[in-house]
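Listing of coords.txt; format and content: compact mmCIF, C-alpha atoms and all ligand atoms.
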# COMPACT_ATOMS: atom_id res chain seq x y z
CA MET A 15 14.08 37.69 -23.13
CA ASN A 16 14.91 40.89 -24.86
CA THR A 17 17.99 42.29 -23.13
CA THR A 18 18.32 45.33 -25.30
CA PRO A 19 18.38 48.31 -22.92
CA HIS A 20 15.42 50.61 -23.07
CA SER A 21 16.19 53.16 -25.71
CA GLN A 22 14.67 56.43 -26.88
CA PRO A 23 15.03 58.21 -30.17
CA ALA A 24 18.43 59.91 -30.36
CA GLY A 25 18.38 63.65 -29.90
CA ARG A 26 19.15 65.73 -32.91
CA VAL A 27 22.47 67.44 -33.09
CA TYR A 28 22.34 70.80 -34.80
CA ARG A 29 25.33 72.26 -36.49
CA ALA A 30 24.20 75.71 -37.33
CA GLU A 31 27.13 78.04 -37.06
CA GLY A 32 26.17 81.64 -37.60
CA GLN A 33 22.51 80.85 -38.09
CA LEU A 34 22.46 78.81 -34.92
CA ALA A 35 20.37 81.20 -32.92
CA ALA A 36 17.61 81.30 -35.46
CA ALA A 37 17.77 77.55 -36.17
CA LEU A 38 17.47 76.44 -32.56
CA GLY A 39 15.56 79.37 -31.18
CA LEU A 40 18.20 79.37 -28.46
CA ILE A 41 20.88 81.98 -27.91
CA ARG A 42 23.87 80.97 -25.79
CA VAL A 43 25.44 83.80 -23.84
CA GLY A 44 28.98 83.23 -22.58
CA THR A 45 30.18 84.65 -19.28
CA ARG A 46 32.88 84.31 -16.67
CA GLY A 47 31.74 82.47 -13.56
CA SER A 48 32.24 85.15 -10.89
CA ALA A 49 29.20 86.50 -9.03
CA LEU A 50 29.72 89.84 -10.76
CA ALA A 51 30.01 88.34 -14.25
CA VAL A 52 26.99 86.05 -13.79
CA SER A 53 24.92 88.91 -12.40
CA GLN A 54 25.68 91.29 -15.27
CA THR A 55 25.31 88.56 -17.89
CA THR A 56 21.94 87.51 -16.46
CA THR A 57 20.69 91.07 -16.97
CA VAL A 58 21.91 90.97 -20.57
CA ALA A 59 20.38 87.51 -21.15
CA GLU A 60 17.00 88.71 -19.86
CA ALA A 61 17.11 91.69 -22.21
CA ILE A 62 17.94 89.40 -25.14
CA ALA A 63 15.12 86.99 -24.27
CA GLN A 64 12.72 89.93 -24.01
CA ALA A 65 13.80 91.52 -27.31
CA THR A 66 13.90 88.36 -29.42
CA GLY A 67 11.40 86.01 -27.80
CA CYS A 68 14.13 83.36 -27.95
CA ASP A 69 15.20 81.13 -25.10
CA VAL A 70 18.65 82.04 -23.84
CA ALA A 71 21.21 79.86 -22.11
CA LEU A 72 24.03 81.12 -19.91
CA VAL A 73 27.31 79.36 -20.70
CA ILE A 74 29.93 79.74 -17.97
CA ILE A 75 33.48 79.87 -19.35
CA LYS A 76 36.40 79.36 -16.99
CA THR A 77 39.25 81.79 -17.70
CA HIS A 78 42.92 81.62 -16.83
CA GLY A 79 42.44 84.83 -14.81
CA ASP A 80 39.87 83.06 -12.61
CA VAL A 81 42.07 80.03 -11.98
CA SER A 82 45.41 81.72 -11.26
CA THR A 83 46.14 83.73 -8.14
CA ALA A 84 49.31 85.33 -9.58
CA PRO A 85 49.35 89.15 -9.75
CA LEU A 86 47.45 90.41 -12.79
CA SER A 87 50.58 92.13 -14.10
CA GLN A 88 52.32 88.73 -14.33
CA LEU A 89 49.38 87.15 -16.13
CA GLY A 90 49.53 89.80 -18.84
CA GLY A 91 46.85 92.05 -17.40
CA THR A 92 43.10 91.61 -17.35
CA GLY A 93 43.19 90.58 -21.04
CA VAL A 94 43.40 87.07 -19.60
CA PHE A 95 39.74 87.34 -18.58
CA VAL A 96 38.76 88.19 -22.10
CA SER A 97 40.63 85.71 -24.30
CA ALA A 98 38.87 82.57 -23.03
CA LEU A 99 35.47 84.11 -23.73
CA ARG A 100 36.59 85.14 -27.21
CA GLU A 101 37.86 81.64 -27.91
CA ALA A 102 34.49 80.26 -26.83
CA LEU A 103 32.76 82.68 -29.19
CA LEU A 104 35.02 81.88 -32.15
CA GLY A 105 34.88 78.15 -31.41
CA GLY A 106 31.08 78.19 -31.38
CA ALA A 107 30.62 77.38 -27.68
CA CYS A 108 28.51 80.52 -27.29
CA ASP A 109 26.88 83.07 -29.61
CA VAL A 110 27.24 86.20 -27.50
CA ALA A 111 29.97 87.07 -24.98
CA VAL A 112 29.53 89.58 -22.15
CA HIS A 113 32.61 91.36 -20.76
CA SER A 114 33.29 94.30 -18.49
CA LEU A 115 34.30 96.75 -21.20
CA LYS A 116 37.27 98.06 -19.26
CA ASP A 117 38.83 94.58 -19.32
CA LEU A 118 38.97 94.47 -23.14
CA PRO A 119 42.34 95.03 -24.83
CA THR A 120 42.25 98.21 -26.91
CA GLY A 121 43.14 96.53 -30.22
CA PRO A 122 40.63 94.83 -32.55
CA CYS A 123 40.10 91.06 -32.51
CA GLU A 124 39.88 89.18 -35.80
CA GLY A 125 36.43 87.73 -36.41
CA ILE A 126 34.83 89.43 -33.40
CA ALA A 127 32.67 92.55 -33.33
CA LEU A 128 31.65 94.82 -30.48
CA GLY A 129 27.96 94.22 -31.12
CA ALA A 130 26.54 96.45 -28.41
CA VAL A 131 27.43 98.69 -25.49
CA PRO A 132 24.46 98.82 -23.08
CA VAL A 133 23.49 101.73 -20.82
CA ARG A 134 26.45 102.42 -18.58
CA ALA A 135 26.38 101.81 -14.83
CA ASP A 136 28.06 104.14 -12.32
CA PRO A 137 31.64 104.63 -13.63
CA ARG A 138 32.99 105.95 -10.31
CA ASP A 139 35.44 104.21 -8.03
CA ALA A 140 34.15 103.38 -4.56
CA LEU A 141 35.95 103.47 -1.25
CA CYS A 142 34.77 100.73 1.10
CA ALA A 143 36.17 101.62 4.49
CA ARG A 144 35.63 100.39 8.03
CA ASP A 145 33.31 102.36 10.29
CA GLY A 146 31.80 104.37 7.44
CA LEU A 147 34.99 106.40 6.95
CA THR A 148 35.63 108.54 3.86
CA LEU A 149 39.09 108.90 2.29
CA GLU A 150 39.61 112.18 4.14
CA GLU A 151 38.59 110.63 7.45
CA LEU A 152 40.95 107.64 7.29
CA PRO A 153 43.57 107.92 10.05
CA ALA A 154 47.16 108.88 9.13
CA GLY A 155 49.07 105.91 7.71
CA ALA A 156 45.92 103.84 7.18
CA ASN A 157 46.18 100.62 5.13
CA VAL A 158 44.25 100.65 1.87
CA GLY A 159 44.00 97.86 -0.70
CA THR A 160 43.92 98.10 -4.48
CA GLY A 161 45.53 96.16 -7.32
CA SER A 162 45.37 99.03 -9.81
CA PRO A 163 48.35 101.37 -10.44
CA ARG A 164 45.90 104.16 -11.34
CA ARG A 165 44.10 103.80 -8.01
CA VAL A 166 47.43 103.67 -6.16
CA ALA A 167 48.55 106.95 -7.79
CA GLN A 168 45.19 108.62 -7.14
CA LEU A 169 45.14 107.53 -3.49
CA LEU A 170 48.69 108.77 -2.92
CA GLU A 171 47.97 112.04 -4.73
CA ARG A 172 45.25 112.85 -2.22
CA ARG A 173 46.70 111.04 0.80
CA PRO A 174 50.52 110.56 0.52
CA ASP A 175 50.55 109.16 4.08
CA LEU A 176 48.53 106.04 3.21
CA HIS A 177 50.02 102.57 2.97
CA VAL A 178 48.73 100.93 -0.18
CA HIS A 179 48.56 97.13 -0.46
CA ASP A 180 47.97 94.83 -3.44
CA LEU A 181 44.49 93.35 -3.68
CA ARG A 182 43.19 90.42 -5.70
CA GLY A 183 40.31 87.99 -5.84
CA ASN A 184 36.60 88.40 -6.36
CA VAL A 185 34.59 91.25 -4.89
CA ASP A 186 33.67 89.42 -1.67
CA THR A 187 37.27 88.34 -1.08
CA ARG A 188 38.39 91.95 -1.48
CA LEU A 189 35.67 93.32 0.76
CA GLY A 190 36.52 90.68 3.35
CA ARG A 191 39.87 92.35 3.98
CA VAL A 192 38.22 95.50 5.34
CA SER A 193 38.30 95.40 9.14
CA ASN A 194 40.57 92.36 8.79
CA ASP A 195 44.07 93.51 7.74
CA LEU A 196 43.01 96.67 5.87
CA ASP A 197 41.19 99.88 6.79
CA ALA A 198 39.68 100.24 3.33
CA VAL A 199 39.69 98.95 -0.24
CA VAL A 200 38.93 100.70 -3.53
CA LEU A 201 36.67 98.93 -6.04
CA ALA A 202 34.46 99.88 -8.96
CA SER A 203 31.01 101.13 -7.87
CA ALA A 204 29.45 99.31 -10.83
CA GLY A 205 30.62 95.92 -9.60
CA LEU A 206 29.39 96.51 -6.06
CA ASP A 207 26.04 97.85 -7.24
CA ARG A 208 25.55 94.91 -9.62
CA ILE A 209 25.93 92.27 -6.92
CA GLY A 210 23.98 94.18 -4.28
CA ARG A 211 26.94 95.23 -2.11
CA GLU A 212 26.32 98.98 -2.35
CA SER A 213 25.97 99.13 1.45
CA ALA A 214 29.73 98.49 1.73
CA ILE A 215 30.49 101.78 -0.08
CA THR A 216 31.47 104.66 2.19
CA GLU A 217 32.44 107.16 -0.55
CA ARG A 218 32.01 107.35 -4.33
CA PHE A 219 34.92 109.34 -5.74
CA ASP A 220 34.09 112.45 -7.76
CA LEU A 221 35.03 111.77 -11.41
CA ALA A 222 36.36 115.31 -11.83
CA LYS A 223 38.99 114.68 -9.13
CA THR A 224 39.38 110.94 -9.50
CA PRO A 225 38.69 109.79 -13.06
CA ALA A 226 38.05 106.06 -13.40
CA ALA A 227 39.53 103.49 -15.77
CA PRO A 228 38.60 103.96 -19.44
CA GLY A 229 35.32 102.11 -20.01
CA GLN A 230 34.63 101.46 -16.32
CA GLY A 231 31.00 100.68 -15.57
CA ALA A 232 30.22 99.76 -19.17
CA LEU A 233 29.62 96.28 -20.59
CA ALA A 234 30.87 95.02 -23.94
CA ILE A 235 28.60 92.63 -25.85
CA GLU A 236 30.70 90.75 -28.39
CA VAL A 237 29.50 88.53 -31.23
CA ARG A 238 31.13 86.80 -34.19
CA SER A 239 31.48 89.41 -36.98
CA ALA A 240 29.86 86.89 -39.35
CA ASP A 241 26.70 86.91 -37.20
CA LEU A 242 26.09 90.67 -37.43
CA GLY A 243 23.72 89.97 -40.33
CA ASP A 244 21.79 87.28 -38.44
CA PRO A 245 18.32 88.78 -37.86
CA THR A 246 17.93 87.38 -34.33
CA ILE A 247 21.39 88.54 -33.25
CA ALA A 248 20.80 91.96 -34.86
CA GLN A 249 17.50 92.26 -32.98
CA ALA A 250 19.21 91.40 -29.69
CA LEU A 251 22.05 93.86 -30.27
CA ALA A 252 19.71 96.70 -31.26
CA ALA A 253 17.79 96.25 -28.01
CA LEU A 254 20.98 96.26 -25.92
CA GLU A 255 22.77 99.18 -27.59
CA ASP A 256 23.06 102.61 -25.95
CA PRO A 257 24.73 105.02 -28.43
CA GLN A 258 25.83 107.41 -25.69
CA ALA A 259 27.51 104.68 -23.65
CA ARG A 260 29.28 103.45 -26.79
CA ALA A 261 30.48 106.97 -27.69
CA GLU A 262 31.79 107.62 -24.17
CA ALA A 263 33.49 104.26 -23.78
CA LEU A 264 34.99 104.45 -27.26
CA ALA A 265 36.46 107.93 -26.74
CA GLU A 266 38.06 106.77 -23.46
CA ARG A 267 39.43 103.57 -24.96
CA VAL A 268 40.75 105.12 -28.18
CA MET A 269 42.65 107.60 -25.97
CA LEU A 270 44.14 104.64 -24.07
CA GLY A 271 44.95 102.73 -27.26
CA THR A 272 46.57 105.76 -28.91
CA LEU A 273 48.85 106.13 -25.90
CA GLU A 274 49.69 102.45 -26.53
CA ALA A 275 48.80 101.86 -22.91
CA GLY A 276 47.21 98.81 -21.34
CA CYS A 277 44.48 98.63 -18.72
CA ALA A 278 47.14 98.50 -15.98
CA ALA A 279 48.59 101.93 -16.92
CA PRO A 280 48.06 104.76 -14.40
CA ILE A 281 45.53 106.58 -16.58
CA GLY A 282 42.06 107.81 -15.71
CA ALA A 283 39.51 109.04 -18.24
CA THR A 284 36.00 110.45 -18.25
CA ALA A 285 33.94 111.04 -21.36
CA SER A 286 30.45 112.47 -21.14
CA VAL A 287 27.73 113.70 -23.45
CA ASP A 288 26.34 117.09 -22.57
CA GLY A 289 23.93 118.89 -24.84
CA GLY A 290 25.31 118.45 -28.32
CA SER A 291 28.87 117.59 -27.48
CA LEU A 292 31.07 114.76 -26.34
CA THR A 293 33.77 115.81 -23.87
CA LEU A 294 36.78 113.67 -22.96
CA SER A 295 39.14 114.38 -20.10
CA ALA A 296 42.12 112.11 -19.43
CA THR A 297 44.80 112.14 -16.73
CA VAL A 298 48.14 110.33 -16.70
CA TYR A 299 49.78 109.90 -13.26
CA SER A 300 53.28 109.17 -12.08
CA LEU A 301 53.10 105.89 -10.15
CA ASP A 302 53.76 107.62 -6.82
CA GLY A 303 50.94 110.11 -7.42
CA THR A 304 53.20 113.16 -7.07
CA ARG A 305 52.76 114.31 -10.66
CA SER A 306 49.97 114.19 -13.23
CA LEU A 307 48.96 115.57 -16.62
CA THR A 308 45.37 116.24 -17.70
CA ALA A 309 44.07 116.99 -21.19
CA THR A 310 40.46 117.80 -22.08
CA ALA A 311 38.69 118.33 -25.42
CA SER A 312 35.16 118.39 -26.84
CA LEU A 313 33.64 117.69 -30.25
CA PRO A 314 30.05 118.08 -31.45
CA TRP A 315 28.18 114.78 -31.09
CA SER A 316 24.55 113.70 -31.10
CA SER A 317 22.95 110.28 -30.99
CA ALA A 318 21.65 110.98 -34.52
CA GLU A 319 25.15 110.46 -35.87
CA ALA A 320 25.81 107.46 -33.65
CA THR A 321 27.46 104.59 -35.45
CA THR A 322 28.94 101.24 -34.60
CA GLU A 323 31.75 102.01 -37.09
CA THR A 324 34.79 103.11 -35.12
CA ALA A 325 36.98 104.41 -37.92
CA GLY A 326 36.69 108.15 -38.41
CA SER A 327 33.87 108.55 -35.86
CA VAL A 328 33.65 111.52 -33.48
CA PRO A 329 34.59 109.44 -30.39
CA GLU A 330 37.61 108.04 -32.22
CA ARG A 331 38.84 111.47 -33.30
CA LEU A 332 38.30 112.86 -29.81
CA GLY A 333 40.24 110.02 -28.18
CA GLN A 334 43.11 110.49 -30.62
CA GLN A 335 43.17 114.25 -30.09
CA VAL A 336 43.35 113.99 -26.29
CA ALA A 337 46.02 111.28 -26.47
CA ALA A 338 48.11 113.38 -28.89
CA GLU A 339 47.98 116.32 -26.50
CA LEU A 340 49.04 114.14 -23.55
CA LEU A 341 51.97 112.72 -25.54
CA GLU A 342 53.03 116.17 -26.71
CA ARG A 343 53.10 117.34 -23.12
CA GLY A 344 55.30 114.43 -22.00
CA ALA A 345 52.89 111.72 -20.77
CA ALA A 346 55.34 109.00 -21.80
CA ASP A 347 58.00 110.42 -19.44
CA LEU A 348 55.56 110.57 -16.54
CA ALA A 349 54.51 106.93 -16.35
CA PRO A 350 55.18 103.51 -17.83
CA LEU A 351 52.31 103.38 -20.33
CA GLY A 352 52.74 99.90 -21.76
CA PRO A 353 52.36 97.18 -22.46
CA ARG A 354 49.43 97.60 -24.75
CA GLN A 355 47.28 94.48 -24.81
N1 LIG A 401 39.60 94.94 -13.20
C1 LIG A 401 38.58 94.02 -12.83
C2 LIG A 401 37.21 94.57 -13.03
N2 LIG A 401 36.66 94.64 -14.26
C3 LIG A 401 35.43 95.24 -14.13
C4 LIG A 401 35.22 95.53 -12.80
C5 LIG A 401 34.04 96.19 -12.21
C6 LIG A 401 32.88 96.56 -13.06
C7 LIG A 401 33.11 97.53 -14.18
O1 LIG A 401 33.98 98.40 -14.15
O2 LIG A 401 32.35 97.43 -15.14
C8 LIG A 401 36.33 95.10 -12.08
C9 LIG A 401 36.52 95.19 -10.62
C10 LIG A 401 37.05 96.49 -10.11
O3 LIG A 401 37.73 97.25 -10.83
O4 LIG A 401 36.82 96.79 -8.93

Give the structure from the file, written as structure tokens.
Amino acid sequence: MNTTPHSQPAGRVYRAEGQLAAALGLIRVGTRGSALAVSQTTTVAEAIAQATGCDVALVIIKTHGDVSTAPLSQLGGTGVFVSALREALLGGACDVAVHSLKDLPTGPCEGIALGAVPVRADPRDALCARDGLTLEELPAGANVGTGSPRRVAQLLERRPDLHVHDLRGNVDTRLGRVSNDLDAVVLASAGLDRIGRESAITERFDLAKTPAAPGQGALAIEVRSADLGDPTIAQALAALEDPQARAEALAERVMLGTLEAGCAAPIGATASVDGGSLTLSATVYSLDGTRSLTATASLPWSSAEATTETAGSVPERLGQQVAAELLERGAADLAPLGPRQ
């Protein structure tokens, strides 16, 4: 009797770095595993499939930031969420990586390009309070949760009576503390909207009074620099790119980078395109919210001159100009700006 186990032809193993997408007709999109990350990456994957006609696979990458429950400041900031995805990209485990843009360190990363910045979601912070309360309506001494020094300073600036508590975990964990041990939490509107939790929002903070984190609400689509010339990748990136979102996010982040500040610094920024100009306003807060400095500037900008080149671009010059003004006026004495990531 033939005891050889039933066998089938071995599958083919492709090694097609760089050209992999075209060779396999499959684009692998790397993402963190949280509900928010999977939801935003699925939207990106659908757009890529639509634009290229290729099949797309979601590759879930576990990051140190997802595993550890230590405070973000001890983990080295939210950069921990980013590095595992970048390693996956460089190591060939995925071809495209999707990040929340505000989590990216401000410096460049060898071998990796910011391939696209898609249309930006709502950049505003959201208060999620019990009983539909707004920030003004919270009772004296109410307990509010946030893990962000910027949000702490902004809350205390408007309501010095509040007790602010550290907050960590995924969106549902954070929301779960409302009506439990907290009266309210502050989160990004974009995250809540993306996972269908907009009904938890009781107030969206006005950007003019409460500027959000640089890049908040925007996504960053990263690829290997070597793949920028790959026709399928280029087609995907072109379909995803929104020049206005890139210009706004870049101006905000160059400002942050020029201050040599990390994403945990108490700094809010809002860039917006209006008519033919790009305007950037940035505010640095003292940690206790009692003092702040704001600088604003505009430069002519139109989508016709949009570029993916950062160096010398209008958004870069605007970010540098606003940062220089803040430094000149003493921003570094107001708040601990570092460490830059
Ligand atoms: N710092 C974590 C983080 N990174 C991106 C988002 C939300 C979505 C976004 O800003 O794009 C959040 C959660 C939050 O700040 O509430």

Restrict the calculation to only C-alpha atoms and all ligand atoms, then for each residue of chain A with any atom at most 10 Å from an atom of ligand LIG 401 (chain A) give the closest atom pair and their distance in Å to one decimal, rows by chain and rising residue number, as CSV.
residue,atom,partner,partner_atom,distance
A:Leu50,CA,A:LIG401,C6,7.8
A:Ala51,CA,A:LIG401,C3,8.8
A:Gln54,CA,A:LIG401,O2,9.1
A:Leu86,CA,A:LIG401,N1,9.1
A:Gly91,CA,A:LIG401,N1,8.9
A:Thr92,CA,A:LIG401,N1,6.4
A:Gly93,CA,A:LIG401,N1,9.7
A:Phe95,CA,A:LIG401,C1,8.9
A:His113,CA,A:LIG401,C3,8.2
A:Ser114,CA,A:LIG401,O2,4.7
A:Leu115,CA,A:LIG401,O2,6.4
A:Lys116,CA,A:LIG401,O1,6.1
A:Asp117,CA,A:LIG401,N2,5.5
A:Leu118,CA,A:LIG401,N2,9.2
A:Arg134,CA,A:LIG401,O2,8.5
A:Ala135,CA,A:LIG401,O2,7.4
A:Asp136,CA,A:LIG401,O1,8.4
A:Pro137,CA,A:LIG401,O1,6.7
A:Arg138,CA,A:LIG401,O1,8.5
A:Asp139,CA,A:LIG401,O4,7.6
A:Ala140,CA,A:LIG401,O4,8.3
A:Thr160,CA,A:LIG401,O4,8.5
A:Gly161,CA,A:LIG401,N1,8.4
A:Ser162,CA,A:LIG401,N1,7.8
A:Arg165,CA,A:LIG401,O3,9.6
A:Leu181,CA,A:LIG401,O4,9.9
A:Arg182,CA,A:LIG401,C1,9.2
A:Gly183,CA,A:LIG401,C1,9.4
A:Asn184,CA,A:LIG401,C9,8.0
A:Val185,CA,A:LIG401,O4,7.2
A:Arg188,CA,A:LIG401,O4,9.0
A:Val199,CA,A:LIG401,O4,9.4
A:Val200,CA,A:LIG401,O4,7.0
A:Leu201,CA,A:LIG401,O4,3.6
A:Ala202,CA,A:LIG401,O4,3.9
A:Ser203,CA,A:LIG401,C6,7.2
A:Ala204,CA,A:LIG401,C6,4.9
A:Gly205,CA,A:LIG401,C6,4.2
A:Leu206,CA,A:LIG401,C5,7.7
A:Asp207,CA,A:LIG401,C6,9.1
A:Arg208,CA,A:LIG401,C6,8.3
A:Ala226,CA,A:LIG401,O1,8.7
A:Ala227,CA,A:LIG401,O1,7.7
A:Pro228,CA,A:LIG401,O1,9.0
A:Gly229,CA,A:LIG401,O1,7.1
A:Gln230,CA,A:LIG401,O1,3.8
A:Gly231,CA,A:LIG401,O2,3.5
A:Ala232,CA,A:LIG401,O2,5.1
A:Leu233,CA,A:LIG401,O2,6.2
A:Ala234,CA,A:LIG401,O2,9.2
A:Cys277,CA,A:LIG401,N1,8.2
A:Ala278,CA,A:LIG401,N1,8.8

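CA of Lys223 in chain A to CA of His179 in chain A spans 21.8 Å [interatomic distance, one decimal].
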
Coordinates-based distance that separates CA of Glu323 in chain A from CA of Ala61 in chain A (Å, one decimal): 23.3 Å

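Atom to atom, CA of Thr148 in chain A and CA of Ser295 in chain A stand 24.9 Å apart.
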
Give me the residues near Ala71 in chain A as a CSV table (one decimal) with C-alpha atoms, in the coordinates of the input, where near means some atom within 7 Å (using only C-alpha atoms) and where sequence neighbours in that chain fewer than 4 positions away do not count.
chain,number,residue,atom,x,y,z
A,41,ILE,CA,20.9,82.0,-27.9
A,42,ARG,CA,23.9,81.0,-25.8
A,43,VAL,CA,25.4,83.8,-23.8

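Ranking A:Gly326, A:Pro122, A:Pro350, A:Pro153 by their shortest atom-to-atom distance to Asp302 in chain A, with all atoms listed in the file included, puts A:Pro350 first.
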
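Closest approach to Ala167 in chain A among A:Thr224, A:Ser286, A:Ser48, A:Gln258 is made by A:Thr224 (distances from all atoms listed in the file).
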
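The nearest approach to Leu332 in chain A among the residues A:Ala283, A:Ala265, A:Leu170, A:Ala107, with only C-alpha atoms taken into account, belongs to A:Ala265.
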
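The closest residue to Val110 in chain A, picked from A:Val70, A:Gly303, A:Ala65, A:Leu313 and counting all atoms listed in the file, is A:Val70.
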
Shell around Leu294 in chain A at 7 Å using only C-alpha atoms, local window under 3 positions removed, as a ChimeraX atom specification: /A:265,284-286,310-312

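Of the listed residues (A:Ile126, A:Ala349, A:Leu72, A:Leu270), A:Ile126 comes nearest to Ser97 in chain A; the distances count only C-alpha atoms.
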
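Among A:Gly47, A:Gly344, A:Pro132, A:Gly333, the residue with the shortest atom-to-atom distance to Ile62 in chain A, counting all atoms listed in the file, is A:Pro132.
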
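Using all atoms listed in the file, the residues found no farther than 8 Å from range 236-252 of chain A, other than those of its own chain fewer than 5 positions away, are Gly32, Gln33, Ala35, Ala36, Ala61, Ile62, Ala65, Thr66, Leu103, Leu104, Asp109, Val110, Ala111, Val112, His113, Gly125, Ile126, Ala127, Leu128, Gly129 and Ala130 of chain A.
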
Who sits within 7 Å of Val298 in chain A, all atoms listed in the file, same chain under 5 positions skipped, as a PyMOL selection string: chain A and resi 280-282+306-308+345

Nearby residues, (42.5, 110.5, 2.5) file frame, 6 Å, only C-alpha atoms, as a ChimeraX atom specification: /A:149-150,152,172-173
